[in-house]
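Below is the file data_2.cif, which contains mmCIF, C-alpha atoms.
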data_protein
loop_
_atom_site.label_atom_id
_atom_site.label_comp_id
_atom_site.auth_asym_id
_atom_site.auth_seq_id
_atom_site.Cartn_x
_atom_site.Cartn_y
_atom_site.Cartn_z
CA MET A 1 95.19 86.72 77.92
CA LEU A 2 97.22 89.20 75.92
CA SER A 3 96.00 92.37 77.49
CA THR A 4 98.87 94.46 78.77
CA ASP A 5 101.34 96.39 76.69
CA ASN A 6 104.17 94.35 78.17
CA ASP A 7 102.57 91.22 76.75
CA ILE A 8 102.55 92.89 73.35
CA LEU A 9 106.33 93.36 73.44
CA GLY A 10 106.68 89.70 74.43
CA ALA A 11 104.56 88.70 71.45
CA ALA A 12 106.59 90.96 69.15
CA GLU A 13 109.81 89.23 70.17
CA ALA A 14 108.30 85.74 69.93
CA TRP A 15 106.85 86.41 66.48
CA ARG A 16 110.15 87.81 65.19
CA ARG A 17 112.06 84.79 66.52
CA GLU A 18 109.61 82.56 64.65
CA GLY A 19 110.83 84.29 61.53
CA ARG A 20 107.74 86.40 60.97
CA ALA A 21 108.08 89.96 59.69
CA VAL A 22 106.98 92.26 62.52
CA ALA A 23 106.19 95.94 63.03
CA LEU A 24 105.48 97.66 66.32
CA ALA A 25 103.22 100.69 66.78
CA THR A 26 103.38 102.90 69.88
CA VAL A 27 101.07 105.79 70.82
CA ILE A 28 103.48 108.69 71.43
CA GLU A 29 101.10 111.62 71.85
CA THR A 30 97.41 112.21 72.48
CA TRP A 31 95.19 115.26 72.58
CA GLY A 32 91.68 115.44 73.93
CA SER A 33 89.95 112.28 75.03
CA ALA A 34 91.93 109.70 73.08
CA PRO A 35 90.87 106.21 74.09
CA ARG A 36 94.29 104.63 74.64
CA PRO A 37 97.09 106.17 76.71
CA VAL A 38 100.54 107.20 75.55
CA GLY A 39 102.82 104.16 75.47
CA SER A 40 100.11 101.75 74.26
CA HIS A 41 101.39 99.20 71.76
CA LEU A 42 100.10 97.25 68.78
CA VAL A 43 102.12 94.56 67.04
CA VAL A 44 101.42 93.39 63.51
CA ASP A 45 103.03 90.68 61.39
CA GLY A 46 103.55 90.53 57.64
CA GLU A 47 100.22 88.74 57.20
CA GLY A 48 98.30 91.47 58.99
CA ASN A 49 97.77 89.46 62.19
CA PHE A 50 97.83 91.87 65.10
CA LEU A 51 97.62 92.10 68.88
CA GLY A 52 97.12 95.09 71.12
CA SER A 53 95.43 98.40 70.53
CA VAL A 54 96.41 101.99 69.93
CA SER A 55 92.95 103.52 69.76
CA GLY A 56 90.46 101.11 71.25
CA GLY A 57 89.78 99.64 67.83
CA CYS A 58 89.02 102.72 65.78
CA VAL A 59 92.06 103.54 63.68
CA GLU A 60 93.67 100.12 64.04
CA GLY A 61 93.07 99.35 60.37
CA ALA A 62 95.11 102.33 59.24
CA VAL A 63 97.86 101.60 61.75
CA ILE A 64 98.08 98.01 60.55
CA THR A 65 98.45 99.25 56.96
CA GLU A 66 101.28 101.56 58.06
CA GLY A 67 102.87 98.62 59.90
CA LEU A 68 102.83 96.53 56.74
CA GLU A 69 104.45 99.40 54.85
CA ALA A 70 107.10 99.77 57.54
CA ILE A 71 107.82 96.05 57.17
CA ALA A 72 108.07 96.49 53.39
CA ASP A 73 110.38 99.53 53.33
CA GLY A 74 112.21 99.00 56.63
CA GLN A 75 111.56 102.59 57.71
CA ALA A 76 110.12 103.88 60.98
CA ARG A 77 107.49 106.59 60.72
CA VAL A 78 105.25 108.83 62.79
CA ILE A 79 101.62 109.08 61.75
CA ALA A 80 98.83 111.29 63.10
CA PHE A 81 95.15 110.47 63.30
CA GLY A 82 91.97 112.27 64.03
CA VAL A 83 90.71 115.75 64.59
CA ALA A 84 87.30 116.85 65.69
CA ASP A 85 85.69 116.63 62.28
CA GLU A 86 83.85 114.27 59.97
CA THR A 87 87.01 112.23 59.32
CA ALA A 88 87.61 111.67 63.02
CA TRP A 89 84.04 110.49 63.38
CA ARG A 90 84.39 108.07 60.51
CA VAL A 91 87.67 106.55 61.68
CA GLY A 92 86.12 106.21 65.10
CA LEU A 93 87.74 108.91 67.19
CA SER A 94 84.25 110.09 67.93
CA CYS A 95 85.40 111.88 71.04
CA GLY A 96 87.33 114.36 68.92
CA GLY A 97 90.60 113.04 70.22
CA ARG A 98 93.83 113.00 68.23
CA ILE A 99 96.74 110.64 68.44
CA ARG A 100 100.24 110.34 67.01
CA VAL A 101 101.64 106.86 66.53
CA PHE A 102 105.24 105.75 66.01
CA VAL A 103 105.37 102.74 63.70
CA GLU A 104 108.65 100.83 63.34
CA PRO A 105 109.78 97.55 61.82
CA VAL A 106 111.42 95.03 64.17
CA ALA A 107 114.70 94.18 62.47
CA MET B 1 113.57 98.40 66.68
CA GLN B 2 116.35 95.87 66.77
CA LEU B 3 115.34 92.42 67.99
CA GLU B 4 118.13 92.63 70.62
CA THR B 5 116.60 95.84 71.99
CA LEU B 6 113.21 94.17 72.26
CA ALA B 7 114.84 91.16 73.95
CA ILE B 8 116.50 93.37 76.57
CA LEU B 9 113.17 95.06 77.38
CA ASN B 10 111.43 91.71 77.72
CA ALA B 11 114.24 90.25 79.84
CA GLU B 12 114.11 93.22 82.23
CA ARG B 13 110.34 92.87 82.51
CA ALA B 14 110.64 89.14 83.23
CA ALA B 15 113.16 89.91 85.97
CA ARG B 16 110.78 92.53 87.45
CA ARG B 17 113.24 95.36 86.87
CA ALA B 18 112.28 98.72 85.41
CA ALA B 19 113.73 99.93 82.11
CA ILE B 20 113.18 102.86 79.78
CA LEU B 21 113.43 102.73 76.00
CA VAL B 22 114.69 106.02 74.57
CA THR B 23 113.69 106.54 70.93
CA ASP B 24 115.08 109.47 68.93
CA LEU B 25 112.10 110.38 66.76
CA ASP B 26 114.25 112.42 64.38
CA GLY B 27 116.81 109.75 63.55
CA GLY B 28 115.10 106.61 64.86
CA ALA B 29 118.05 105.66 67.10
CA GLN B 30 117.04 103.64 70.16
CA ARG B 31 118.63 102.56 73.41
CA VAL B 32 117.46 100.85 76.58
CA VAL B 33 118.38 102.35 79.93
CA ARG B 34 118.03 99.81 82.73
CA GLU B 35 116.85 101.05 86.11
CA ALA B 36 120.30 100.63 87.64
CA GLU B 37 121.84 102.70 84.83
CA ILE B 38 119.52 105.70 85.14
CA ALA B 39 121.59 107.61 87.71
CA GLY B 40 124.62 107.57 85.41
CA ASP B 41 122.73 108.47 82.24
CA PRO B 42 123.00 111.90 80.55
CA LEU B 43 119.19 112.11 80.80
CA ALA B 44 119.16 110.96 84.46
CA ASP B 45 116.73 113.58 85.82
CA LEU B 46 114.30 113.20 82.97
CA LEU B 47 114.35 109.41 83.15
CA ALA B 48 113.95 109.35 86.93
CA ARG B 49 110.92 111.65 86.70
CA HIS B 50 109.26 109.49 84.08
CA LEU B 51 109.99 106.30 85.99
CA ALA B 52 108.55 107.69 89.23
CA ALA B 53 105.41 108.77 87.42
CA GLY B 54 105.28 105.46 85.58
CA LYS B 55 104.49 107.40 82.43
CA SER B 56 105.74 107.04 78.89
CA GLY B 57 105.90 110.27 76.91
CA LEU B 58 107.60 112.73 74.58
CA ALA B 59 110.49 114.86 75.77
CA GLU B 60 113.12 117.20 74.44
CA ALA B 61 116.73 116.19 74.92
CA ASP B 62 119.57 118.28 73.49
CA GLY B 63 117.17 119.89 71.06
CA ARG B 64 115.97 116.56 69.76
CA SER B 65 112.54 115.04 70.12
CA VAL B 66 112.66 111.74 72.00
CA PHE B 67 109.99 109.32 73.11
CA LEU B 68 110.45 107.52 76.43
CA THR B 69 108.75 104.15 76.77
CA VAL B 70 108.63 103.48 80.49
CA GLN B 71 108.41 99.84 81.44
CA ALA B 72 107.91 99.38 85.17
CA PRO B 73 107.15 95.97 86.67
CA PRO B 74 103.50 95.38 87.54
CA VAL B 75 102.91 96.41 91.14
CA ARG B 76 101.89 93.65 93.54
CA LEU B 77 99.92 94.07 96.74
CA VAL B 78 100.44 91.41 99.38
CA VAL B 79 97.76 91.56 102.06
CA ILE B 80 98.48 89.84 105.36
CA GLY B 81 95.19 88.80 106.88
CA ALA B 82 92.03 87.52 105.22
CA VAL B 83 90.02 89.90 107.37
CA HIS B 84 86.98 92.11 106.88
CA ILE B 85 89.02 95.09 105.64
CA SER B 86 90.81 92.81 103.17
CA GLN B 87 87.49 91.77 101.70
CA ALA B 88 86.83 95.40 100.82
CA LEU B 89 90.45 96.11 99.88
CA CYS B 90 91.07 93.29 97.41
CA PRO B 91 88.47 94.14 94.73
CA MET B 92 89.40 97.83 94.93
CA ALA B 93 93.08 96.98 94.52
CA ARG B 94 92.27 94.89 91.49
CA ALA B 95 90.40 97.83 89.97
CA LEU B 96 93.69 99.75 90.32
CA ASP B 97 95.48 97.00 88.35
CA LEU B 98 97.40 95.78 91.37
CA ALA B 99 98.16 92.05 91.42
CA VAL B 100 96.73 91.00 94.78
CA THR B 101 97.70 88.09 97.02
CA VAL B 102 96.17 87.44 100.47
CA ILE B 103 98.15 85.46 103.03
CA ASP B 104 96.54 84.16 106.23
CA PRO B 105 97.32 80.85 107.95
CA ARG B 106 93.88 80.78 109.59
CA THR B 107 91.87 78.57 107.28
CA ALA B 108 88.59 79.84 108.70
CA PHE B 109 89.47 83.28 107.34
CA ALA B 110 91.27 82.39 104.13
CA THR B 111 88.36 80.89 102.21
CA PRO B 112 87.47 81.36 98.54
CA GLU B 113 83.90 82.11 99.63
CA ARG B 114 85.14 85.20 101.43
CA PHE B 115 87.59 86.13 98.63
CA PRO B 116 86.12 85.04 95.31
CA GLY B 117 88.66 85.17 92.50
CA ILE B 118 91.48 86.43 94.72
CA ASP B 119 94.84 84.67 95.00
CA LEU B 120 94.66 83.26 98.52
CA VAL B 121 97.44 81.44 100.41
CA ALA B 122 96.48 79.78 103.70
CA GLU B 123 99.97 79.56 105.16
CA TRP B 124 102.15 81.46 107.60
CA PRO B 125 103.82 84.44 105.89
CA ASP B 126 107.32 82.96 106.08
CA ASP B 127 106.15 79.72 104.47
CA ALA B 128 104.03 81.51 101.88
CA LEU B 129 106.89 83.81 100.87
CA ALA B 130 109.32 80.90 100.70
CA GLY B 131 107.12 78.96 98.33
CA PRO B 132 103.80 79.68 96.66
CA VAL B 133 104.07 83.49 96.69
CA PRO B 134 106.83 85.05 94.55
CA PRO B 135 109.52 86.79 96.62
CA LEU B 136 108.82 90.34 97.74
CA ASP B 137 110.68 93.11 95.91
CA ARG B 138 110.69 96.89 95.68
CA TYR B 139 107.64 96.83 93.38
CA CYS B 140 105.54 95.23 96.13
CA ALA B 141 103.26 96.85 98.67
CA VAL B 142 102.60 94.95 101.88
CA ALA B 143 99.62 95.66 104.13
CA ALA B 144 99.57 93.79 107.45
CA LEU B 145 96.00 93.70 108.70
CA THR B 146 95.60 90.81 111.14
CA HIS B 147 96.24 92.66 114.45
CA ASP B 148 98.12 89.50 115.43
CA PRO B 149 101.88 89.96 115.87
CA LYS B 150 102.50 86.26 115.24
CA ILE B 151 101.20 86.74 111.69
CA ASP B 152 101.94 90.41 110.97
CA ASP B 153 105.48 90.71 112.33
CA PRO B 154 107.22 88.14 110.11
CA ALA B 155 105.57 89.68 107.05
CA LEU B 156 106.59 93.19 108.06
CA ALA B 157 110.16 92.02 108.62
CA ALA B 158 110.23 90.37 105.20
CA ALA B 159 108.79 93.51 103.58
CA LEU B 160 111.39 95.77 105.17
CA ARG B 161 114.23 93.45 104.18
CA ALA B 162 112.98 93.30 100.58
CA GLY B 163 112.72 97.10 100.32
CA CYS B 164 109.03 97.05 99.41
CA PHE B 165 107.93 100.50 98.27
CA TYR B 166 105.05 100.45 100.74
CA VAL B 167 104.77 98.75 104.11
CA GLY B 168 101.68 99.42 106.20
CA ALA B 169 100.38 97.93 109.42
CA LEU B 170 96.94 98.12 110.99
CA GLY B 171 96.68 98.93 114.66
CA SER B 172 96.41 101.77 117.14
CA ARG B 173 99.35 103.94 118.11
CA LYS B 174 99.71 101.85 121.27
CA THR B 175 99.75 98.62 119.26
CA HIS B 176 102.31 100.14 116.93
CA ALA B 177 104.56 101.27 119.77
CA ALA B 178 104.73 97.67 120.95
CA ARG B 179 105.41 96.57 117.37
CA VAL B 180 108.23 99.10 117.02
CA ALA B 181 109.82 97.72 120.18
CA ARG B 182 109.62 94.15 118.86
CA LEU B 183 111.11 95.07 115.47
CA ALA B 184 113.92 97.03 117.16
CA GLN B 185 114.57 93.98 119.31
CA ALA B 186 114.78 91.96 116.09
CA GLY B 187 117.53 94.26 114.85
CA PHE B 188 115.74 96.71 112.56
CA SER B 189 116.98 100.29 112.63
CA GLU B 190 114.84 103.29 113.48
CA THR B 191 114.94 104.36 109.81
CA GLU B 192 113.79 100.97 108.62
CA ILE B 193 110.97 100.80 111.15
CA GLY B 194 110.06 104.39 110.27
CA ARG B 195 109.17 103.21 106.77
CA ILE B 196 106.11 101.41 108.15
CA ALA B 197 102.91 103.38 107.65
CA ALA B 198 101.14 103.01 110.99
CA PRO B 199 98.39 103.48 111.82
CA ILE B 200 97.81 102.36 108.25
CA GLY B 201 96.14 104.56 105.64
CA LEU B 202 95.83 108.25 104.92
CA SER B 203 94.10 110.20 107.66
CA ILE B 204 90.63 110.66 106.16
CA GLN B 205 88.60 109.72 109.23
CA ALA B 206 87.77 106.39 107.63
CA VAL B 207 85.32 104.26 109.61
CA SER B 208 83.92 101.41 107.51
CA PRO B 209 86.12 98.64 106.07
CA ALA B 210 85.62 100.07 102.58
CA GLU B 211 86.65 103.53 103.73
CA ILE B 212 89.73 102.14 105.43
CA ALA B 213 90.52 100.27 102.21
CA VAL B 214 90.32 103.55 100.27
CA SER B 215 92.67 105.24 102.74
CA ILE B 216 95.16 102.38 102.42
CA LEU B 217 95.07 102.36 98.62
CA ALA B 218 95.44 106.15 98.46
CA GLN B 219 98.53 105.85 100.63
CA ILE B 220 99.89 103.11 98.38
CA ILE B 221 99.36 105.26 95.27
CA ALA B 222 101.14 108.18 96.93
CA ALA B 223 104.10 105.95 97.82
CA GLN B 224 104.18 104.55 94.32
CA ARG B 225 104.25 107.96 92.62
CA THR B 226 106.79 109.60 94.88
CA PRO B 227 110.38 109.20 93.67
CA ARG B 228 112.49 107.37 96.23
CA SER B 229 116.00 108.27 97.12
CA GLY B 230 118.31 105.57 95.82
CA ALA B 231 115.74 104.64 93.23
CA ALA B 232 118.42 103.39 90.90
CA ALA B 233 119.93 101.02 93.45
#
Could you render the structure from this file as structure tokens?
Amino acid sequence: MLSTDNDILGAAEAWRREGRAVALATVIETWGSAPRPVGSHLVVDGEGNFLGSVSGGCVEGAVITEGLEAIADGQARVIAFGVADETAWRVGLSCGGRIRVFVEPVA
Amino acid sequence: MQLETLAILNAERAARRAAILVTDLDGGAQRVVREAEIAGDPLADLLARHLAAGKSGLAEADGRSVFLTVQAPPVRLVVIGAVHISQALCPMARALDLAVTVIDPRTAFATPERFPGIDLVAEWPDDALAGPVPPLDRYCAVAALTHDPKIDDPALAAALRAGCFYVGALGSRKTHAARVARLAQAGFSETEIGRIAAPIGLSIQAVSPAEIAVSILAQIIAAQRTPRSGAAA
């Protein structure tokens, strides 16, 4: 079962070696009761297939979109999600947590 | 991230060696510092602290914002003795994300009925560690719980030789004094023998097997989170 963050890095390498375009997302900062700890990974390929989790499922969609953009433009980026407001509730950070995620293409 | 960087991280993980990925968030530059290279790194203190805590996180280095991805090998707990305390200890250890193996050559003790879902090896410690159980290393904790020197002693010797981060042995002070004498006879130094936590577990006046299991696991966590001298060796 692909459950640990180490397994995610293994998958990222395997996917890239298969010739798939790959981006890696890493939680670099959390505030409040964010659901996934700093260092958590998510890997996404050019088709939008992904493994891992950066938020327990809530803002994954947005992170995957950023991953696809990172694949397209070759640039790493830092993105922030959530605050204790209506937006946070809608994207699923119902706890009022906030996270910052580093998204990078695997070259 | 370069594919080569990812490959180094994965290779270190496969070899059960710690490594830290340093990412410069301003410029995006990345490098991997292997455990053995930490002491000689410009960020040595910072990296050693993060490795001991087992925590990834943001840091400032030379006025730049860096992110440290700490990759430490999964910690294994090898329990010697499929005894009553082990039955309480194993599920608790699993809840702490420790990979648990129980070794006991006594087939009446080492039964799946007594240890459902736990990796169980009904062999003498020397045989188990030479074959079915992966070799001990510094990311292993060993708890010897049989009270029987024939079973406990070889496992303790193997744990000390492998530099396991935690070595504990059940038994009274009197039992341990006899054990110390045997290990000294076998050629272990006072310092090496002094690494054995005995009587095992933090002193919390534990009585029941579950309470003793808690005291053992608390002691293991403390050992895990305390930076060791020579950590980069």
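CA of Thr146 in chain B sits 23.4 Å away from CA of Ser189 in chain B.
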Q) Once you count only C-alpha atoms, which residues end up no further than 10 Å from (104.4, 90.8, 60.8) in the file's frame, shown as JSON, numbers by chain? A) {"A": [12, 15, 16, 19, 20, 21, 22, 23, 24, 43, 44, 45, 46, 47, 48, 49, 50, 64, 67, 68, 70, 71, 105, 106]}
Please put the answer as lines of an AutoDock Vina configuration file: centre and edge lengths, in Å with one decimal, of a box along x, y and z that encloses all listed atoms of range 75-91 of chain B plus 3 Å on each side.
center_x = 94.9
center_y = 92.0
center_z = 99.3
size_x = 22.1
size_y = 14.9
size_z = 22.2
Long-range neighbours of Gln75 in chain A as an mmCIF file with C-alpha atoms, in the frame of the given file, 9 Å cut-off, all atoms listed in the file, 2 positions minimum in chain:
data_model
loop_
_atom_site.group_PDB
_atom_site.id
_atom_site.type_symbol
_atom_site.label_atom_id
_atom_site.label_comp_id
_atom_site.auth_asym_id
_atom_site.auth_seq_id
_atom_site.Cartn_x
_atom_site.Cartn_y
_atom_site.Cartn_z
ATOM 1 C CA GLU A 69 104.450 99.400 54.850
ATOM 2 C CA ALA A 70 107.100 99.770 57.540
ATOM 3 C CA ILE A 71 107.820 96.050 57.170
ATOM 4 C CA ALA A 72 108.070 96.490 53.390
ATOM 5 C CA ASP A 73 110.380 99.530 53.330
ATOM 6 C CA ARG A 77 107.490 106.590 60.720
ATOM 7 C CA VAL A 103 105.370 102.740 63.700
ATOM 8 C CA GLU A 104 108.650 100.830 63.340
ATOM 9 C CA PRO A 105 109.780 97.550 61.820
ATOM 10 C CA GLY B 28 115.100 106.610 64.860
#
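CA of Ala159 in chain B sits 18.4 Å away from CA of Thr226 in chain B.
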Taking the block just given, write range 37-88 of chain B to a file that holds C-alpha atoms, as a CSV table (one decimal), in the first residue's frame.
chain,number,residue,atom,x,y,z
B,37,GLU,CA,27.9,14.2,5.7
B,38,ILE,CA,26.0,16.2,8.2
B,39,ALA,CA,28.9,16.8,10.6
B,40,GLY,CA,30.9,18.4,7.9
B,41,ASP,CA,28.1,20.5,6.4
B,42,PRO,CA,27.9,24.3,6.9
B,43,LEU,CA,24.4,23.8,8.3
B,44,ALA,CA,25.6,20.9,10.6
B,45,ASP,CA,23.9,22.0,13.8
B,46,LEU,CA,20.6,22.8,12.2
B,47,LEU,CA,20.6,19.5,10.3
B,48,ALA,CA,21.5,17.5,13.3
B,49,ARG,CA,18.7,19.1,15.3
B,50,HIS,CA,16.1,18.3,12.6
B,51,LEU,CA,17.4,14.7,12.2
B,52,ALA,CA,17.2,14.0,15.9
B,53,ALA,CA,13.6,15.4,16.1
B,54,GLY,CA,12.8,13.5,12.9
B,55,LYS,CA,11.0,16.6,11.7
B,56,SER,CA,10.9,18.3,8.3
B,57,GLY,CA,10.5,22.1,8.4
B,58,LEU,CA,11.4,25.6,7.4
B,59,ALA,CA,14.6,27.3,8.5
B,60,GLU,CA,16.7,30.4,7.9
B,61,ALA,CA,20.2,29.8,6.7
B,62,ASP,CA,22.4,32.8,5.8
B,63,GLY,CA,19.4,35.0,5.4
B,64,ARG,CA,17.7,32.6,3.0
B,65,SER,CA,14.6,30.6,3.6
B,66,VAL,CA,15.2,26.9,3.2
B,67,PHE,CA,13.0,23.9,3.7
B,68,LEU,CA,14.5,20.7,5.2
B,69,THR,CA,12.9,17.4,4.2
B,70,VAL,CA,14.1,15.0,6.8
B,71,GLN,CA,14.1,11.4,5.7
B,72,ALA,CA,14.9,9.0,8.5
B,73,PRO,CA,14.6,5.2,8.1
B,74,PRO,CA,11.4,3.7,9.6
B,75,VAL,CA,12.2,2.6,13.2
B,76,ARG,CA,11.9,-1.1,13.9
B,77,LEU,CA,11.2,-2.6,17.3
B,78,VAL,CA,12.5,-6.2,17.8
B,79,VAL,CA,10.9,-7.8,20.8
B,80,ILE,CA,12.7,-10.8,22.3
B,81,GLY,CA,10.1,-13.0,23.9
B,82,ALA,CA,6.5,-13.8,22.9
B,83,VAL,CA,5.4,-13.2,26.5
B,84,HIS,CA,2.5,-11.5,28.2
B,85,ILE,CA,4.1,-8.0,28.2
B,86,SER,CA,4.8,-8.4,24.5
B,87,GLN,CA,1.2,-9.1,23.8
B,88,ALA,CA,0.4,-5.7,25.3
